[in-house]
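Student: Provided below: model-v5.csv, containing CSV, C-alpha atoms and all ligand atoms.
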```
chain,number,residue,atom,x,y,z
A,18,MET,CA,-92.3,70.6,-49.8
A,19,SER,CA,-94.3,71.7,-46.8
A,20,LEU,CA,-94.4,70.3,-43.4
A,21,THR,CA,-97.5,70.9,-41.3
A,22,PRO,CA,-97.0,73.1,-38.2
A,23,GLU,CA,-97.6,70.0,-36.1
A,24,GLN,CA,-94.8,68.2,-37.9
A,25,ASN,CA,-92.4,71.1,-37.5
A,26,ALA,CA,-93.3,71.3,-33.8
A,27,GLU,CA,-92.7,67.6,-33.4
A,28,ILE,CA,-89.2,67.8,-35.0
A,29,ASP,CA,-88.3,70.8,-32.7
A,30,GLU,CA,-89.6,68.8,-29.7
A,31,LEU,CA,-87.7,65.7,-30.6
A,32,ARG,CA,-84.5,67.5,-31.3
A,33,SER,CA,-84.7,69.6,-28.1
A,34,ASN,CA,-84.5,66.6,-25.8
A,35,PRO,CA,-81.3,64.8,-26.3
A,36,SER,CA,-80.7,61.9,-24.0
A,37,GLU,CA,-77.5,60.2,-23.0
A,38,THR,CA,-76.9,56.7,-24.3
A,39,LEU,CA,-74.4,53.9,-24.0
A,40,ARG,CA,-75.4,52.7,-27.5
A,41,VAL,CA,-73.3,53.3,-30.6
A,42,VAL,CA,-73.9,56.8,-32.1
A,43,SER,CA,-73.0,57.9,-35.6
A,44,GLU,CA,-72.2,61.6,-35.4
A,45,GLY,CA,-73.0,62.0,-39.1
A,46,MET,CA,-76.5,60.5,-38.5
A,47,GLU,CA,-77.3,62.6,-35.4
A,48,LYS,CA,-77.4,65.7,-37.5
A,49,HIS,CA,-80.1,64.1,-39.8
A,50,LEU,CA,-82.3,62.7,-37.0
A,51,TYR,CA,-85.9,63.9,-37.4
A,52,HIS,CA,-85.1,66.6,-40.0
A,53,ALA,CA,-87.1,66.4,-43.2
A,54,ILE,CA,-85.1,66.4,-46.5
A,55,PRO,CA,-87.3,67.8,-49.2
A,56,VAL,CA,-88.0,65.6,-52.3
A,57,LEU,CA,-90.2,66.4,-55.3
A,58,ASP,CA,-92.8,69.1,-54.7
A,59,HIS,CA,-94.5,67.9,-51.5
A,60,GLY,CA,-92.4,64.9,-50.5
A,61,PHE,CA,-89.7,64.3,-47.9
A,62,VAL,CA,-87.5,61.7,-46.3
A,63,ARG,CA,-86.5,62.0,-42.7
A,64,VAL,CA,-84.6,59.7,-40.4
A,65,ILE,CA,-86.6,58.6,-37.4
A,66,ASP,CA,-84.2,56.2,-35.9
A,67,TYR,CA,-81.1,54.1,-36.7
A,68,MET,CA,-78.9,51.4,-35.2
A,69,GLY,CA,-75.2,50.8,-35.7
A,70,ASP,CA,-72.3,52.4,-37.6
A,71,ASP,CA,-69.3,51.4,-39.6
A,72,ALA,CA,-67.8,49.9,-36.4
A,73,ALA,CA,-70.9,47.7,-35.8
A,74,ILE,CA,-70.3,46.1,-39.3
A,75,CYS,CA,-66.8,45.2,-38.3
A,76,GLN,CA,-67.7,44.1,-34.9
A,77,ALA,CA,-70.2,41.6,-36.4
A,78,ALA,CA,-67.7,40.5,-39.0
A,79,ARG,CA,-65.1,39.8,-36.4
A,80,VAL,CA,-67.4,37.4,-34.6
A,81,SER,CA,-67.3,35.2,-37.7
A,82,TYR,CA,-63.6,35.7,-38.6
A,83,GLY,CA,-62.1,35.9,-35.1
A,84,LYS,CA,-58.4,36.2,-35.2
A,85,GLY,CA,-58.5,36.1,-39.0
A,86,THR,CA,-59.3,39.8,-39.1
A,87,LYS,CA,-56.0,40.6,-37.5
A,88,SER,CA,-54.5,40.6,-41.0
A,89,VAL,CA,-56.9,43.3,-42.2
A,90,GLN,CA,-55.2,46.6,-41.3
A,91,ASN,CA,-58.2,48.7,-40.4
A,92,ASP,CA,-62.0,48.8,-40.3
A,93,GLU,CA,-62.3,50.3,-43.7
A,94,GLY,CA,-60.2,47.6,-45.3
A,95,LEU,CA,-62.4,45.0,-43.6
A,96,ILE,CA,-65.6,46.7,-44.8
A,97,ARG,CA,-64.3,46.9,-48.4
A,98,TYR,CA,-63.3,43.2,-48.2
A,99,LEU,CA,-66.9,42.3,-47.0
A,100,MET,CA,-68.5,44.3,-49.8
A,101,ARG,CA,-66.2,43.0,-52.5
A,102,HIS,CA,-66.9,39.4,-51.5
A,103,TRP,CA,-70.6,39.7,-51.0
A,104,HIS,CA,-70.3,38.9,-47.3
A,105,SER,CA,-73.5,40.7,-46.6
A,106,THR,CA,-74.8,39.7,-43.2
A,107,PRO,CA,-72.5,42.1,-41.2
A,108,PHE,CA,-74.2,44.9,-43.1
A,109,GLU,CA,-77.6,43.6,-41.8
A,110,MET,CA,-76.5,44.6,-38.3
A,111,CYS,CA,-77.2,48.2,-39.1
A,112,GLU,CA,-80.8,49.4,-39.4
A,113,ILE,CA,-82.5,52.6,-40.3
A,114,LYS,CA,-86.1,53.8,-39.9
A,115,LEU,CA,-87.3,56.5,-42.3
A,116,HIS,CA,-90.5,58.6,-42.5
A,117,VAL,CA,-91.2,59.1,-46.2
A,118,LYS,CA,-93.8,61.2,-47.9
A,119,LEU,CA,-94.2,60.1,-51.5
A,120,PRO,CA,-96.7,60.0,-54.5
A,121,VAL,CA,-98.7,56.8,-54.6
A,122,PHE,CA,-97.2,55.8,-58.0
A,123,VAL,CA,-93.7,56.0,-56.5
A,124,ALA,CA,-94.9,54.0,-53.5
A,125,ARG,CA,-96.0,51.2,-55.8
A,126,GLN,CA,-92.4,50.9,-57.1
A,127,TRP,CA,-90.9,51.3,-53.6
A,128,ILE,CA,-93.1,48.6,-52.0
A,129,ARG,CA,-91.7,46.0,-54.3
A,130,HIS,CA,-88.7,45.9,-52.1
A,131,ARG,CA,-90.0,43.3,-49.8
A,132,THR,CA,-87.2,43.1,-47.3
A,133,ALA,CA,-88.3,46.0,-45.2
A,134,ASN,CA,-91.0,46.8,-42.6
A,135,VAL,CA,-93.6,49.3,-43.7
A,136,ASN,CA,-96.4,51.1,-41.9
A,137,GLU,CA,-98.5,53.4,-44.2
A,138,TYR,CA,-100.9,56.2,-43.6
A,139,SER,CA,-104.4,54.8,-43.5
A,140,ALA,CA,-106.8,56.3,-46.0
A,141,ARG,CA,-109.6,54.2,-44.5
A,142,TYR,CA,-109.1,55.9,-41.2
A,143,SER,CA,-108.0,59.4,-42.2
A,144,ILE,CA,-108.7,61.9,-45.0
A,145,LEU,CA,-105.9,62.3,-47.4
A,146,ASP,CA,-104.4,65.8,-47.9
A,147,ARG,CA,-105.0,67.8,-51.1
A,148,GLU,CA,-101.4,67.2,-52.2
A,149,PHE,CA,-100.6,66.0,-55.7
A,150,TYR,CA,-97.2,65.6,-57.4
A,151,ILE,CA,-97.1,67.9,-60.4
A,152,PRO,CA,-93.8,67.5,-62.2
A,153,ALA,CA,-91.5,70.5,-62.7
A,154,PRO,CA,-91.6,71.7,-66.4
A,155,GLU,CA,-88.2,70.1,-67.1
A,156,ASN,CA,-89.6,66.7,-66.0
A,157,ILE,CA,-92.6,66.7,-68.2
A,158,ALA,CA,-90.9,64.3,-70.6
A,159,ALA,CA,-92.0,62.6,-73.8
A,160,GLN,CA,-92.1,58.8,-74.2
A,161,SER,CA,-88.6,57.4,-75.1
A,162,ALA,CA,-88.3,56.3,-78.7
A,163,VAL,CA,-85.7,53.6,-77.8
A,164,ASN,CA,-86.8,52.4,-74.3
A,165,ASN,CA,-90.4,51.4,-73.7
A,166,GLN,CA,-89.8,51.7,-70.0
A,167,GLY,CA,-88.3,55.3,-70.1
A,168,ARG,CA,-88.6,58.9,-71.1
A,169,GLY,CA,-87.0,61.0,-73.8
A,170,GLY,CA,-86.6,64.8,-73.9
A,171,ALA,CA,-88.8,67.3,-72.2
A,172,LEU,CA,-92.0,68.4,-73.8
A,173,GLU,CA,-91.9,72.1,-74.6
A,174,GLY,CA,-94.2,75.1,-75.2
A,175,GLU,CA,-97.9,74.4,-75.8
A,176,GLU,CA,-97.5,70.7,-75.4
A,177,ALA,CA,-96.0,70.9,-72.0
A,178,ALA,CA,-98.6,73.5,-70.9
A,179,ARG,CA,-101.4,71.3,-72.2
A,180,VAL,CA,-100.1,68.3,-70.2
A,181,LEU,CA,-99.6,70.4,-67.0
A,182,GLU,CA,-103.1,71.7,-67.3
A,183,ILE,CA,-104.6,68.2,-67.6
A,184,LEU,CA,-102.6,67.0,-64.6
A,185,LYS,CA,-103.6,69.9,-62.4
A,186,ALA,CA,-107.3,69.9,-63.5
A,187,ASP,CA,-107.7,66.1,-63.0
A,188,SER,CA,-106.0,66.3,-59.6
A,189,ALA,CA,-108.2,69.1,-58.4
A,190,ARG,CA,-111.4,67.6,-59.8
A,191,SER,CA,-110.9,64.2,-58.3
A,192,TYR,CA,-110.1,65.7,-54.9
A,193,ASP,CA,-113.2,67.9,-55.1
A,194,ASN,CA,-115.2,64.8,-55.8
A,195,TYR,CA,-113.5,62.9,-53.0
A,196,GLN,CA,-114.4,65.6,-50.6
A,197,ALA,CA,-117.9,65.8,-51.9
A,198,MET,CA,-118.4,62.0,-51.4
A,199,ILE,CA,-116.9,61.5,-47.9
A,200,SER,CA,-118.8,61.6,-44.8
A,201,GLN,CA,-119.0,65.2,-43.5
A,202,ASP,CA,-120.7,66.8,-40.6
A,203,GLY,CA,-124.5,66.6,-41.1
A,204,GLN,CA,-124.5,64.1,-44.0
A,205,GLU,CA,-123.9,60.4,-44.0
A,206,GLY,CA,-121.6,60.4,-47.0
A,207,LEU,CA,-119.5,57.6,-48.4
A,208,ALA,CA,-116.9,55.7,-46.3
A,209,ARG,CA,-113.3,57.0,-46.7
A,210,GLU,CA,-112.1,53.6,-47.7
A,211,LEU,CA,-114.4,53.8,-50.8
A,212,ALA,CA,-114.2,57.5,-51.6
A,213,ARG,CA,-110.5,57.2,-52.1
A,214,MET,CA,-110.8,55.0,-55.1
A,215,ASN,CA,-111.2,57.8,-57.5
A,216,LEU,CA,-108.0,59.6,-56.4
A,217,PRO,CA,-105.2,59.6,-58.9
A,218,ALA,CA,-101.8,57.9,-58.4
A,219,ASN,CA,-100.0,61.3,-58.1
A,220,ILE,CA,-101.6,61.9,-54.7
A,221,TYR,CA,-99.2,61.8,-51.8
A,222,THR,CA,-99.1,59.1,-49.1
A,223,GLN,CA,-96.7,58.6,-46.2
A,224,TRP,CA,-95.1,55.7,-44.5
A,225,TYR,CA,-92.5,54.6,-42.0
A,226,TRP,CA,-90.0,52.3,-43.7
A,227,LYS,CA,-87.5,50.3,-41.7
A,228,VAL,CA,-84.8,48.3,-43.4
A,229,ASP,CA,-81.3,46.9,-42.7
A,230,LEU,CA,-78.3,48.4,-44.4
A,231,HIS,CA,-77.7,45.4,-46.7
A,232,ASN,CA,-81.2,45.6,-48.1
A,233,LEU,CA,-81.1,49.4,-48.2
A,234,LEU,CA,-78.0,49.3,-50.3
A,235,HIS,CA,-79.8,46.8,-52.6
A,236,PHE,CA,-82.6,49.2,-52.9
A,237,LEU,CA,-80.2,52.1,-53.6
A,238,ARG,CA,-78.3,50.1,-56.1
A,239,LEU,CA,-81.5,49.7,-58.1
A,240,ARG,CA,-83.3,53.0,-57.5
A,241,ALA,CA,-80.4,55.5,-57.5
A,242,ASP,CA,-79.4,54.0,-60.8
A,243,ALA,CA,-79.8,56.0,-64.0
A,244,HIS,CA,-82.3,53.4,-65.3
A,245,ALA,CA,-84.7,54.0,-62.4
A,246,GLN,CA,-87.6,56.4,-62.8
A,247,TYR,CA,-86.6,60.0,-61.9
A,248,GLU,CA,-89.4,60.3,-59.3
A,249,ILE,CA,-88.1,57.4,-57.2
A,250,ARG,CA,-84.4,58.1,-58.0
A,251,VAL,CA,-84.6,61.5,-56.3
A,252,TYR,CA,-85.7,59.7,-53.1
A,253,ALA,CA,-82.9,57.2,-53.5
A,254,ASP,CA,-80.4,60.1,-54.0
A,255,ALA,CA,-81.5,61.8,-50.8
A,256,ILE,CA,-81.1,58.5,-48.9
A,257,CYS,CA,-77.7,58.0,-50.4
A,258,ASN,CA,-76.5,61.3,-48.9
A,259,VAL,CA,-77.9,60.2,-45.5
A,260,VAL,CA,-76.1,56.8,-45.7
A,261,ALA,CA,-72.8,58.5,-46.7
A,262,ASP,CA,-73.0,60.4,-43.4
A,263,TRP,CA,-74.2,57.5,-41.4
A,264,VAL,CA,-71.7,54.8,-42.4
A,265,PRO,CA,-69.1,56.6,-44.5
A,266,ALA,CA,-66.7,53.6,-45.0
A,267,ALA,CA,-69.6,51.3,-46.0
A,268,TYR,CA,-70.9,53.9,-48.4
A,269,ARG,CA,-67.6,54.4,-50.1
A,270,ALA,CA,-67.3,50.6,-50.5
A,271,PHE,CA,-70.8,50.6,-51.9
A,272,GLU,CA,-70.0,53.3,-54.4
A,273,ASP,CA,-66.8,51.4,-55.6
A,274,TYR,CA,-68.1,47.8,-55.6
A,275,ARG,CA,-71.8,48.3,-56.5
A,276,MET,CA,-72.8,51.7,-57.9
A,277,GLY,CA,-69.6,52.2,-59.9
A,278,ALA,CA,-69.0,48.6,-60.8
A,279,VAL,CA,-70.2,46.6,-63.8
A,280,THR,CA,-71.2,43.0,-64.1
A,281,MET,CA,-69.7,41.1,-67.1
A,282,SER,CA,-70.8,37.8,-68.5
A,283,ALA,CA,-68.3,35.0,-69.3
A,284,GLN,CA,-68.5,36.1,-73.0
A,285,MET,CA,-67.7,39.7,-72.1
A,286,VAL,CA,-64.7,38.7,-70.0
A,287,ASP,CA,-63.5,36.5,-72.8
A,288,CYS,CA,-63.8,39.3,-75.4
A,289,LEU,CA,-62.1,41.8,-73.1
A,290,ARG,CA,-59.2,39.4,-72.6
A,291,ARG,CA,-58.9,38.9,-76.4
A,292,MET,CA,-59.0,42.7,-77.0
A,293,ILE,CA,-56.3,43.3,-74.4
A,294,LYS,CA,-54.1,40.7,-76.2
A,295,GLY,CA,-54.6,42.9,-79.4
A,296,GLU,CA,-57.3,40.9,-81.2
A,297,THR,CA,-59.9,42.9,-83.1
A,298,VAL,CA,-63.3,41.6,-81.8
A,299,ASP,CA,-66.7,42.6,-83.3
A,300,GLN,CA,-70.2,41.4,-82.5
A,301,ASP,CA,-70.0,38.6,-85.1
A,302,THR,CA,-66.9,37.1,-83.4
A,303,SER,CA,-67.9,38.0,-79.8
A,304,GLY,CA,-70.5,35.2,-79.3
A,305,MET,CA,-72.9,37.9,-78.0
A,306,SER,CA,-76.3,39.1,-79.1
A,307,ALA,CA,-76.5,42.6,-80.7
A,308,ARG,CA,-78.0,44.0,-77.5
A,309,GLU,CA,-75.4,42.3,-75.2
A,310,TRP,CA,-72.6,43.6,-77.5
A,311,ARG,CA,-74.0,47.1,-77.3
A,312,GLU,CA,-74.1,46.9,-73.5
A,313,PHE,CA,-70.6,45.6,-73.5
A,314,LYS,CA,-69.4,48.4,-75.7
A,315,GLU,CA,-71.1,50.9,-73.4
A,316,MET,CA,-69.2,49.4,-70.4
A,317,ILE,CA,-65.8,49.6,-71.9
A,318,ASP,CA,-66.1,52.8,-74.0
A,319,SER,CA,-67.7,55.1,-71.5
B,1,LIG,C1,-85.5,49.7,-63.4
B,1,LIG,C2,-86.5,48.7,-62.8
B,1,LIG,C3,-87.5,48.3,-63.6
B,1,LIG,C4,-88.5,47.4,-63.1
B,1,LIG,N1,-89.6,47.0,-63.8
B,1,LIG,C5,-90.5,46.2,-63.3
B,1,LIG,C6,-91.7,45.8,-64.1
B,1,LIG,O1,-91.8,46.2,-65.2
B,1,LIG,N2,-92.6,45.0,-63.5
B,1,LIG,C7,-92.5,44.5,-62.2
B,1,LIG,O2,-93.3,43.8,-61.7
B,1,LIG,N3,-91.4,44.9,-61.5
B,1,LIG,C8,-90.4,45.7,-62.0
B,1,LIG,N4,-89.4,46.1,-61.2
B,1,LIG,C9,-89.3,45.6,-59.8
B,1,LIG,C10,-88.2,44.5,-59.7
B,1,LIG,O3,-88.6,43.4,-60.5
B,1,LIG,C11,-88.1,44.1,-58.2
B,1,LIG,O4,-89.4,43.6,-57.8
B,1,LIG,C12,-87.7,45.2,-57.3
B,1,LIG,O5,-86.6,45.9,-57.9
B,1,LIG,C13,-87.4,44.7,-55.9
B,1,LIG,O6,-86.2,43.9,-56.0
B,1,LIG,P1,-85.9,42.7,-55.1
B,1,LIG,O7,-87.0,41.7,-55.3
B,1,LIG,O8,-84.5,42.2,-55.4
B,1,LIG,O9,-85.9,43.4,-53.7
B,1,LIG,P2,-86.5,42.8,-52.2
B,1,LIG,O10,-87.9,42.5,-52.3
B,1,LIG,O11,-86.0,43.7,-51.2
B,1,LIG,O12,-85.7,41.4,-52.1
B,1,LIG,C14,-84.3,41.4,-51.9
B,1,LIG,C15,-83.8,40.0,-52.3
B,1,LIG,O13,-84.4,39.0,-51.4
B,1,LIG,C16,-84.8,37.9,-52.0
B,1,LIG,N5,-86.3,37.7,-51.9
B,1,LIG,C17,-87.1,38.6,-51.2
B,1,LIG,N6,-88.3,38.1,-51.2
B,1,LIG,C18,-88.3,36.9,-51.8
B,1,LIG,C19,-89.3,36.0,-52.2
B,1,LIG,N7,-90.6,36.1,-51.8
B,1,LIG,N8,-88.9,34.9,-52.9
B,1,LIG,C20,-87.6,34.7,-53.3
B,1,LIG,N9,-86.7,35.6,-53.0
B,1,LIG,C21,-87.0,36.7,-52.3
B,1,LIG,C22,-84.4,38.0,-53.5
B,1,LIG,O14,-83.1,37.5,-53.7
B,1,LIG,C23,-84.3,39.5,-53.7
B,1,LIG,O15,-83.4,39.9,-54.7
B,1,LIG,C24,-88.4,47.0,-61.7
B,1,LIG,C25,-87.3,47.4,-61.0
B,1,LIG,C26,-86.3,48.2,-61.5
B,1,LIG,C27,-85.2,48.7,-60.6
```
Can the structure from this file be put into C-alpha cells for me?
Tutor:
Amino acid sequence: MSLTPEQNAEIDELRSNPSETLRVVSEGMEKHLYHAIPVLDHGFVRVIDYMGDDAAICQAARVSYGKGTKSVQNDEGLIRYLMRHWHSTPFEMCEIKLHVKLPVFVARQWIRHRTANVNEYSARYSILDREFYIPAPENIAAQSAVNNQGRGGALEGEEAARVLEILKADSARSYDNYQAMISQDGQEGLARELARMNLPANIYTQWYWKVDLHNLLHFLRLRADAHAQYEIRVYADAICNVVADWVPAAYRAFEDYRMGAVTMSAQMVDCLRRMIKGETVDQDTSGMSAREWREFKEMIDS
C-alpha cells in the first residue's frame, strides 16, 4: 500500500493541529484519526471523522427508557440489552466517515450497502492512477467445486504463474491504451469519461464513506463473515478493529449477539429441543430439507 507524498503530508498536517472540543471524544478512535490502515496491495481505510461513543448510545437509549434504565446496572449491560433485543436506533446516534481506497470490483459489492453516504473519485474529471489489485499467490484460488459463489484451494506452480501473468499483462496493456487515448498536451484525445471504459475491474478507486454505527455493523456482519469474498472481507476486518477501539462495549455485544450468534428456524429449534430430551433425530424426521439439515448440523457440531 502506498500513500502519495501529498497524502502523507496531509495526514501529518491534520494530526499536528489538535483542537480542544466539548464534544464526546473516544480515546480509542483518536489514535486512528487520519492514519491509513493498509488493505490489499494498494488499498487502505482511514478514519476521517466520527461522532459519538459507547456513552452516546446509552444517552440516546435513556431518552426512550427514562427511569426504566435505572434497573440496568451499567452502560455495557444496557448496550448488550439493546443489541440482544434489536433496539437499533440508539446505535444510529454514532457515525463514522472513512476514506477508502479499493479495487472497483470490491467497490461494486460495497456500494450495495445503500444506507451510507458516498462520494467517489471522479474518473470523468481526473486521470486514474496506474494501480491494479494483483492477488498475492496464496489468494490466486481455483473455483470452488461445492459453492458456485466461492473459491477452493490456491492454484499452484505453473497454473498460478500463468494466471498472474495474464492479470498483470492485461492491467498494464489496458492502462497503456487508456493513457494513449486520453487527451494529452498537444493532442485532442478522447474524453476521460470515455477512455476509462476499457479499464479492468481490478483498478483502484477511492471514496469517502459515511455511515451510522447500526448500518456499519450490518455491513460488517455480512462482509466480515467467512462467506464474504476475501477481497472485501479484509476491508471489513480492518474496520472491525477500528470499531472495537471506537465503541468497545458495542463491539463486544456485536461479536456476541451478531458475529458469534446463529439464527435458527422453528424446525431447528424443535429438533434441538427433541435432541436435548434424548431423542435421535435425523434429516428424515427433522422436517428440514437436506441443505437446511446440513446447515443445522454445522451449527450444533462445530
Ligand atoms: C455473501 C453475499 C453474497 C451476495 N450475493 C449477491 C448476488 O449474487 N447478487 C446481488 O445482486 N447481490 C448480492 N449480495 C448483496 C446483497 O443482496 C445485499 O444487496 C447487500 O448485502 C446489502 O445488504 P442490505 O440491502 O441489507 O444493506 P443496505 O442497503 O445497507 O440496507 C440495510 C437495510 O435497509 C433496508 N433497505 C435499504 N434500502 C432499502 C430499499 N430501497 N428498499 C427496502 N429496504 C431497504 C433493508 O432492510 C436492508 O436490509 C450479496 C451479499 C453477500 C453478503
Student: Just want the residues within 8 Å of ligand LIG 1 (chain B), written as a PyMOL selection string, counting only C-alpha atoms and all ligand atoms.
Tutor: chain A and resi 126-133+166+232+235-236+239-240+242+244-246
Student: One decimal, Å: what's the distance from CA of Glu112 in chain A over to CA of Val228 in chain A, could you say?
Tutor: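 Separating CA of Glu112 in chain A from CA of Val228 in chain A is a distance of 5.8 Å.
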Student: As AutoDock Vina command-line options, what would the box around range 255-265 of chain A look like: edges along x, y and z, 3 Å added on every side, centre and edge lengths in Å to one decimal?
Tutor:
```
--center_x -75.3 --center_y 58.3 --center_z -46.1 --size_x 18.4 --size_y 13.0 --size_z 15.4
```
Student: Could you give me, as CSV, every range 32-139 of chain A residue with an atom at most 8 Å from range 269-278 of chain A, plus its closest atom pair and distance in Å to one decimal, counting all atoms listed in the file, rows ordered by chain then number?
Tutor:
```
residue,atom,partner,partner_atom,distance
A:Ile96,CA,A:Ala270,CA,7.1
A:Arg97,CA,A:Ala270,CA,5.2
A:Met100,CA,A:Ala270,CA,6.5
A:Arg101,CA,A:Tyr274,CA,6.0
```
Student: Between A:Ala77, A:Ile65, A:Met292, A:Val259, single out the one closest to Phe108 in chain A, counting all atoms listed in the file.
Tutor: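 Using all atoms listed in the file, the shortest distance to Phe108 in chain A belongs to A:Ala77.
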Student: Pick out the residues sitting within 9 Å of Cys288 in chain A, and hand them over as a list of chain:residue names; count all atoms listed in the file, and ignore anything fewer than 6 positions along from it in its own chain.
Tutor: A:Glu296, A:Val298, A:Thr302, A:Ser303, A:Gly304
Student: Please compute the CA of Ile28 in chain A-CA of Trp224 in chain A distance, one decimal, in Å.
Tutor: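 So the answer is 16.5 Å.
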Student: May I have the residues within 8 Å of range 308-319 of chain A as a short mmCIF file (atom, residue, chain, number, x, y, z; two decimals) with C-alpha atoms, in the frame of the given file, using only C-alpha atoms and disregarding those fewer than 3 positions away in the same chain?
Tutor:
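And here is the file that came out, result.cif:
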```cif
data_model
loop_
_atom_site.label_atom_id
_atom_site.label_comp_id
_atom_site.auth_asym_id
_atom_site.auth_seq_id
_atom_site.Cartn_x
_atom_site.Cartn_y
_atom_site.Cartn_z
CA VAL A 279 -70.20 46.60 -63.80
CA MET A 281 -69.70 41.10 -67.10
CA MET A 285 -67.70 39.70 -72.10
CA GLN A 300 -70.20 41.40 -82.50
CA SER A 303 -67.90 38.00 -79.80
CA MET A 305 -72.90 37.90 -78.00
#
```
Student: As number ranges by chain, please: the residues near Ile54 in chain A (cut-off 10 Å, only C-alpha atoms, same-chain neighbours under 6 positions excluded).
Tutor: A: 18, 60-64, 117, 252, 255-256, 259
Student: At a cut-off of 7 Å, using all atoms listed in the file, what residues contact Lys227 in chain A? Leave out same-chain residues fewer than 4 positions from it and give the result as a ChimeraX atom specification.
Tutor: /A:113-115,133-135
Student: With all atoms listed in the file as the basis for distance, which of A:Ser191, A:Ser43, A:Ser139, A:Asn258 is at the shortest distance from Asn219 in chain A?
Tutor: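 Nearest to Asn219 in chain A: A:Ser191.
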Student: Residues at most 6 Å from Ile220 in chain A, counting only C-alpha atoms, excluding those fewer than 6 positions away in the same chain, as a ChimeraX atom specification?
Tutor: /A:120-121,148-149
Student: Within 9 Å of range 69-73 of chain A, which residues of range 191-308 of chain A show up? Give each one with its shortest atom-to-atom distance in Å (one decimal) and the two atoms involved, counting all atoms listed in the file, rows by chain then rising residue number, as a tab-separated table.
Tutor:
```
residue	atom	partner	partner_atom	distance
A:Trp263	CA	A:Asp70	CA	6.6
A:Val264	CA	A:Asp71	CA	5.0
A:Pro265	CA	A:Asp71	CA	7.1
A:Ala266	CA	A:Asp71	CA	6.4
A:Ala267	CA	A:Asp71	CA	6.4
```
Student: Which is closer to Tyr225 in chain A than all the others in A:Lys118, A:Arg213, A:Arg290, A:Arg168, using all atoms listed in the file?
Tutor: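 So, comparing all the options, the nearest one is A:Lys118.
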Student: Report the closest atom pair, with its distance in Å rounded to one decimal, for each residue of range 90-172 of chain A that has an atom no farther than 9 Å from range 180-187 of chain A; count all atoms listed in the file, sort by chain and then rising residue number, and write it as JSON lines.
Tutor:
```
{"residue": "A:Phe149", "atom": "CA", "partner": "A:Lys185", "partner_atom": "CA", "distance": 8.3}
{"residue": "A:Ile151", "atom": "CA", "partner": "A:Leu184", "partner_atom": "CA", "distance": 7.0}
{"residue": "A:Pro152", "atom": "CA", "partner": "A:Leu181", "partner_atom": "CA", "distance": 8.1}
{"residue": "A:Pro154", "atom": "CA", "partner": "A:Leu181", "partner_atom": "CA", "distance": 8.1}
{"residue": "A:Ile157", "atom": "CA", "partner": "A:Val180", "partner_atom": "CA", "distance": 7.9}
{"residue": "A:Leu172", "atom": "CA", "partner": "A:Val180", "partner_atom": "CA", "distance": 8.9}
```
Student: Which protein, DNA or RNA residues have an atom at most 12 Å from (-103.4, 72.3, -48.6), counting all atoms listed in the file? List them as a list of chain:residue names.
Tutor: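 Residues lying no farther than 12 Å from the given point: A:Met18, A:Ser19, A:Leu20, A:Thr21, A:His59, A:Leu145, A:Asp146, A:Arg147, A:Glu148, A:Phe149, A:Ala189, A:Tyr192, A:Tyr221.
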Student: Please determine, counting all atoms listed in the file, which residue among A:Glu176, A:Glu27, A:Asp229, A:Asp202 has the shortest atom-to-atom distance to Met68 in chain A.
Tutor: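 Closest to Met68 in chain A, using all atoms listed in the file: A:Asp229.
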Student: Quick one: of A:Ala53, A:Leu39, A:Met214, A:Met110, who's nearest to Asn25 in chain A, counting only C-alpha atoms?
Tutor: A:Ala53
